[in-house]
Amino acid sequence: MAEGRSPRSGWRQRLARTAAMLGLVTAGVLTAPAAASGATAPPYLTLEATYGAGTVTNGWEKVERYADTTAGFRTEGFPADGRGDQDGKRVTYFGGVSRPSSGRFLLYSAPGWNTGSRTTPVLLVHGANDTADRAWANPGESGGYGCGAATCPSTGLMQYLSGRGHRVFAVGFAHKQGDNLMQAQIVGDAIAVLKARLGVDKVDLVGWSKGQMSTRAYVSSLKPAWGRAYAGDVRRLITLGGPNGGYDYPYAHGWAHDFSLWPECGGKVNAPSPHTHMTCYGTYTAHPELSMTPSGGQDNYPGQRQMLARWDGVYGVDGAAQDWYTTYYGGQGLYTAGTGIQAAVDAGSLIAPLRAAGVPASVTTYLLAGGSADIVGIFNENRGPSDGVVFVSSALDTAGVPTVGGKATVATANHLELGWNGTAAAQVATWLS
């Protein structure tokens, strides 16, 4: 999701040494895991590097970098000021590249990945402007407020599940706001690796926020023209605060969302704006690189646009917000200008296509919503029951989901807490078991 994180949330770009300097890189085609399990790994996947003890942080046992050589993957657009670049240890894991091609991905392995008592492995898929490290293993990696609360824990769902015998893995995407159809192909790649390594037929998927889009697109065979269809290898799909019914938060509250984004206002958060122009401190400026819709030859937030759906017919629009009308419906407002939500939906929302494609009946789906709109430092979604960003009714929407295993709302969790809140973790563990 846009996540709406404030500058205080700690999302800052950090430098790291390259993998070559560390001298801990191994490379080659993925053949050893296949030989170990008797399975065959896809020929289009190459294992480029492995990082283990002494290099990997946040409680993971190892991190691997893979490349999918399928024609069609590309390097997506990144904002020029670096706000969307890979940061921290991820730069190391991506071989010193801060803007990798979307055909590359990271596969994280938790302690117990090869000894856990649970048969079906679990693949965790993080959301927008996030990483597998912060999302699942160390919610406090970004400091206070980065996890949705004033203070953040140092362990997350990875440790919770691993400690209960689950074989836990996580995928790390090359682009934090990338195209969900390409990322769905990466989810399929990660599953293919796990099947080859562990000799299993099926995997359980947990998709948080934007991660719901790629996991659901994978099992629904919603794909690029060059992509591969679902391989029938998912047992259970669990969504955490996923916009199953879409979301319109960036458009519904005027320019309130923009102050943490627009550079002239001091904004640095890596999230899209519903506007192309805005006035900050008396200066009217254009920032097409931050636009939700393609603008000025730039398109840096396709994954956000794909999650959009209109909710004005259900919950209205925040009429008390500055430029509320033109922000939602398009045009020149008092301080801002933009094309409106419908233009963005028309430019590539995936909500309707996902519903139409449908989750296979063989995949039991579970939906978890947060019920607390109390994310510190942002303007929370307040037009109806929400987790601060996604409406509860959207997170629990089952259109196109024929086999629902369960639905639940964690009243004490906001959108950024769903990956580590104790009640949420216990619910996920129950569904997996």
# chains A, B, ... in the order shown; residues from 1 in each chain; ligands from 1
call {"tool": "residues_around", "arguments": {"residues": "A:Gly331", "least_positions_apart": "2", "cutoff": "12 Å", "atoms": "only C-alpha atoms", "output": "ChimeraX atom specification"}}
result
/A:274-277,323-329,333-343
call {"tool": "write_last_selection", "arguments": {"atoms": "N, CA, C and O atoms", "output": "compact mmCIF listing (two decimals), in the first residue's frame"}}
result
# COMPACT_ATOMS: atom_id res chain seq x y z
N PRO A 274 -1.60 11.49 -5.68
CA PRO A 274 -2.72 11.59 -6.61
C PRO A 274 -2.61 12.82 -7.51
O PRO A 274 -3.45 13.01 -8.40
N HIS A 275 -1.59 13.63 -7.28
CA HIS A 275 -1.43 14.89 -8.02
C HIS A 275 -0.19 14.87 -8.90
O HIS A 275 0.74 14.10 -8.67
N THR A 276 -0.18 15.74 -9.87
CA THR A 276 1.01 16.00 -10.67
C THR A 276 1.62 17.35 -10.32
O THR A 276 2.81 17.58 -10.55
N HIS A 277 0.81 18.26 -9.75
CA HIS A 277 1.26 19.60 -9.36
C HIS A 277 0.73 19.93 -7.96
O HIS A 277 -0.38 19.52 -7.59
N ASP A 323 -8.96 20.67 -1.26
CA ASP A 323 -8.98 20.18 -2.64
C ASP A 323 -9.56 18.78 -2.75
O ASP A 323 -9.18 17.98 -3.62
N TRP A 324 -10.51 18.45 -1.90
CA TRP A 324 -11.06 17.10 -1.88
C TRP A 324 -11.72 16.74 -3.20
O TRP A 324 -11.56 15.63 -3.71
N TYR A 325 -12.44 17.67 -3.78
CA TYR A 325 -13.20 17.36 -4.98
C TYR A 325 -12.29 17.11 -6.18
O TYR A 325 -12.42 16.11 -6.90
N THR A 326 -11.35 18.03 -6.42
CA THR A 326 -10.48 17.88 -7.58
C THR A 326 -9.46 16.76 -7.40
O THR A 326 -9.01 16.16 -8.38
N THR A 327 -9.08 16.47 -6.16
CA THR A 327 -8.17 15.35 -5.94
C THR A 327 -8.83 14.05 -6.35
O THR A 327 -8.23 13.22 -7.04
N TYR A 328 -10.07 13.85 -5.94
CA TYR A 328 -10.75 12.58 -6.25
C TYR A 328 -11.24 12.52 -7.69
O TYR A 328 -11.06 11.50 -8.38
N TYR A 329 -11.82 13.62 -8.16
CA TYR A 329 -12.47 13.58 -9.47
C TYR A 329 -11.65 14.22 -10.58
O TYR A 329 -12.02 14.12 -11.76
N GLY A 333 -7.31 22.23 -8.58
CA GLY A 333 -7.86 22.69 -7.33
C GLY A 333 -7.21 23.98 -6.88
O GLY A 333 -6.46 24.61 -7.64
N LEU A 334 -7.44 24.36 -5.64
CA LEU A 334 -6.87 25.59 -5.13
C LEU A 334 -5.35 25.49 -5.03
O LEU A 334 -4.63 26.43 -5.34
N TYR A 335 -4.86 24.31 -4.59
CA TYR A 335 -3.42 24.14 -4.40
C TYR A 335 -2.83 22.99 -5.21
O TYR A 335 -1.61 22.85 -5.28
N THR A 336 -3.67 22.16 -5.79
CA THR A 336 -3.17 20.97 -6.46
C THR A 336 -3.86 20.76 -7.80
O THR A 336 -4.91 21.34 -8.08
N ALA A 337 -3.25 19.88 -8.61
CA ALA A 337 -3.86 19.48 -9.88
C ALA A 337 -3.56 18.01 -10.11
O ALA A 337 -2.47 17.53 -9.80
N GLY A 338 -4.54 17.31 -10.67
CA GLY A 338 -4.36 15.90 -10.96
C GLY A 338 -5.46 15.40 -11.87
O GLY A 338 -6.41 16.13 -12.19
N THR A 339 -5.33 14.14 -12.28
CA THR A 339 -6.28 13.58 -13.24
C THR A 339 -7.42 12.82 -12.58
O THR A 339 -8.37 12.41 -13.26
N GLY A 340 -7.37 12.62 -11.25
CA GLY A 340 -8.45 11.94 -10.55
C GLY A 340 -8.32 10.43 -10.53
O GLY A 340 -7.55 9.84 -11.29
N ILE A 341 -9.11 9.81 -9.67
CA ILE A 341 -8.97 8.37 -9.46
C ILE A 341 -9.41 7.54 -10.65
O ILE A 341 -8.80 6.50 -10.95
N GLN A 342 -10.45 7.97 -11.36
CA GLN A 342 -10.93 7.13 -12.45
C GLN A 342 -9.88 6.99 -13.55
O GLN A 342 -9.73 5.91 -14.14
N ALA A 343 -9.14 8.06 -13.81
CA ALA A 343 -8.07 7.98 -14.81
C ALA A 343 -7.01 6.99 -14.38
O ALA A 343 -6.45 6.25 -15.21
call {"tool": "select_by_dssp", "arguments": {"residues": "stretch 40-103 of chain A", "states": "strand (DSSP E)", "output": "PyMOL selection string"}}
result
chain A and resi 45-51+62-68
call {"tool": "write_last_selection", "arguments": {"atoms": "N, CA and C atoms", "output": "PDB file, in the first residue's frame"}}
result
ATOM      1  N   LEU A  45      15.838 -20.164 -14.063  1.00  0.00           N
ATOM      2  CA  LEU A  45      16.264 -19.589 -12.787  1.00  0.00           C
ATOM      3  C   LEU A  45      17.739 -19.854 -12.533  1.00  0.00           C
ATOM      4  N   THR A  46      18.460 -18.792 -12.193  1.00  0.00           N
ATOM      5  CA  THR A  46      19.878 -18.894 -11.886  1.00  0.00           C
ATOM      6  C   THR A  46      20.137 -18.397 -10.471  1.00  0.00           C
ATOM      7  N   LEU A  47      20.833 -19.206  -9.691  1.00  0.00           N
ATOM      8  CA  LEU A  47      21.268 -18.785  -8.363  1.00  0.00           C
ATOM      9  C   LEU A  47      22.532 -17.961  -8.521  1.00  0.00           C
ATOM     10  N   GLU A  48      22.466 -16.675  -8.208  1.00  0.00           N
ATOM     11  CA  GLU A  48      23.599 -15.775  -8.425  1.00  0.00           C
ATOM     12  C   GLU A  48      24.478 -15.594  -7.198  1.00  0.00           C
ATOM     13  N   ALA A  49      23.900 -15.657  -6.010  1.00  0.00           N
ATOM     14  CA  ALA A  49      24.699 -15.410  -4.806  1.00  0.00           C
ATOM     15  C   ALA A  49      23.992 -15.978  -3.588  1.00  0.00           C
ATOM     16  N   THR A  50      24.797 -16.380  -2.597  1.00  0.00           N
ATOM     17  CA  THR A  50      24.281 -16.864  -1.322  1.00  0.00           C
ATOM     18  C   THR A  50      25.005 -16.145  -0.198  1.00  0.00           C
ATOM     19  N   TYR A  51      24.253 -15.637   0.765  1.00  0.00           N
ATOM     20  CA  TYR A  51      24.810 -14.945   1.922  1.00  0.00           C
ATOM     21  C   TYR A  51      24.379 -15.699   3.172  1.00  0.00           C
ATOM     22  N   LYS A  62      19.874 -17.602   6.016  1.00  0.00           N
ATOM     23  CA  LYS A  62      20.596 -17.270   4.789  1.00  0.00           C
ATOM     24  C   LYS A  62      19.690 -16.489   3.851  1.00  0.00           C
ATOM     25  N   VAL A  63      20.331 -15.788   2.917  1.00  0.00           N
ATOM     26  CA  VAL A  63      19.617 -15.049   1.874  1.00  0.00           C
ATOM     27  C   VAL A  63      20.280 -15.383   0.544  1.00  0.00           C
ATOM     28  N   GLU A  64      19.469 -15.700  -0.449  1.00  0.00           N
ATOM     29  CA  GLU A  64      19.977 -16.009  -1.785  1.00  0.00           C
ATOM     30  C   GLU A  64      19.413 -15.027  -2.799  1.00  0.00           C
ATOM     31  N   ARG A  65      20.206 -14.744  -3.817  1.00  0.00           N
ATOM     32  CA  ARG A  65      19.725 -13.909  -4.922  1.00  0.00           C
ATOM     33  C   ARG A  65      19.589 -14.779  -6.169  1.00  0.00           C
ATOM     34  N   TYR A  66      18.417 -14.705  -6.773  1.00  0.00           N
ATOM     35  CA  TYR A  66      18.140 -15.444  -8.000  1.00  0.00           C
ATOM     36  C   TYR A  66      17.841 -14.474  -9.132  1.00  0.00           C
ATOM     37  N   ALA A  67      18.071 -14.943 -10.342  1.00  0.00           N
ATOM     38  CA  ALA A  67      17.707 -14.190 -11.541  1.00  0.00           C
ATOM     39  C   ALA A  67      16.811 -15.050 -12.407  1.00  0.00           C
ATOM     40  N   ASP A  68      15.698 -14.487 -12.836  1.00  0.00           N
ATOM     41  CA  ASP A  68      14.816 -15.124 -13.801  1.00  0.00           C
ATOM     42  C   ASP A  68      15.165 -14.548 -15.164  1.00  0.00           C
TER      43      ASP A  68
END
call {"tool": "closest_residue", "arguments": {"among": "A:Ser209, A:Ser98, A:Ser162, A:Ser221", "to": "A:Val187", "atoms": "only C-alpha atoms"}}
result
A:Ser221
call {"tool": "residues_around", "arguments": {"residues": "A:Val206", "least_positions_apart": "3", "cutoff": "7 Å", "atoms": "only C-alpha atoms", "output": "list in words"}}
result
Leu123, Leu124, Val125, Leu237, Ile238 and Thr239 of chain A
call {"tool": "closest_residue", "arguments": {"among": "A:Arg167, A:Arg197, A:Lys89, A:Arg228", "to": "A:Arg118", "atoms": "only C-alpha atoms"}}
result
A:Arg167
call {"tool": "residues_around", "arguments": {"residues": "A:Arg355", "least_positions_apart": "3", "cutoff": "12 Å", "atoms": "only C-alpha atoms", "output": "JSON, numbers by chain"}}
result
{"A": [213, 216, 217, 220, 221, 222, 243, 244, 245, 246, 349, 350, 351, 352, 358, 359, 360, 397, 398, 399, 400, 401, 402]}
call {"tool": "atom_distance", "arguments": {"atom1": "atom CA of A:Thr409", "atom2": "atom CA of A:Pro385"}}
result
10.8 Å
call {"tool": "residues_around", "arguments": {"residues": "A:Asn380", "least_positions_apart": "6", "cutoff": "9 Å", "atoms": "only C-alpha atoms", "output": "list in words"}}
result
Gly4, Tyr249, Ala373, Asp374, Ser386, Asp387, Gly388 and Val389 of chain A
call {"tool": "select_by_dssp", "arguments": {"residues": "stretch 92-320 of chain A", "states": "helix (DSSP H, G or I)", "output": "ChimeraX atom specification"}}
result
/A:92-93,132-137,157-162,180-198,211-219,249-252,256-260,263-265,288-290,302-305,312-315
call {"tool": "closest_residue", "arguments": {"among": "A:Gly330, A:Gly188, A:Gly405, A:Gly84", "to": "A:Tyr301", "atoms": "only C-alpha atoms"}}
result
A:Gly84
call {"tool": "atom_distance", "arguments": {"atom1": "atom CA of A:Ser154", "atom2": "atom CA of A:Ala137"}}
result
7.2 Å
call {"tool": "residues_around", "arguments": {"residues": "A:Pro272", "least_positions_apart": "3", "cutoff": "9 Å", "atoms": "only C-alpha atoms", "output": "PyMOL selection string"}}
result
chain A and resi 2+250+258+261+269+275+289-293+300-301+304-305
call {"tool": "write_last_selection", "arguments": {"atoms": "C-alpha atoms", "output": "PDB file, in the first residue's frame"}}
result
ATOM      1  CA  ALA A   2       1.003   3.580  -0.010  1.00  0.00           C
ATOM      2  CA  PRO A 250      -4.592   8.467  -1.598  1.00  0.00           C
ATOM      3  CA  ASP A 258       1.027  14.648   0.005  1.00  0.00           C
ATOM      4  CA  LEU A 261       5.759  12.963  -0.261  1.00  0.00           C
ATOM      5  CA  VAL A 269       8.334   8.906   1.659  1.00  0.00           C
ATOM      6  CA  HIS A 275      -1.427  14.887  -8.019  1.00  0.00           C
ATOM      7  CA  GLU A 289       7.890  11.152 -10.982  1.00  0.00           C
ATOM      8  CA  LEU A 290       5.596  10.941  -7.934  1.00  0.00           C
ATOM      9  CA  SER A 291       2.343  10.615  -9.855  1.00  0.00           C
ATOM     10  CA  MET A 292       0.066   7.604  -9.403  1.00  0.00           C
ATOM     11  CA  THR A 293      -0.598   7.617 -13.146  1.00  0.00           C
ATOM     12  CA  ASN A 300       7.399   4.681 -10.850  1.00  0.00           C
ATOM     13  CA  TYR A 301       4.398   3.323  -8.915  1.00  0.00           C
ATOM     14  CA  GLN A 304      -0.031   1.104  -6.308  1.00  0.00           C
ATOM     15  CA  ARG A 305      -2.205   1.973  -9.275  1.00  0.00           C
TER      16      ARG A 305
END
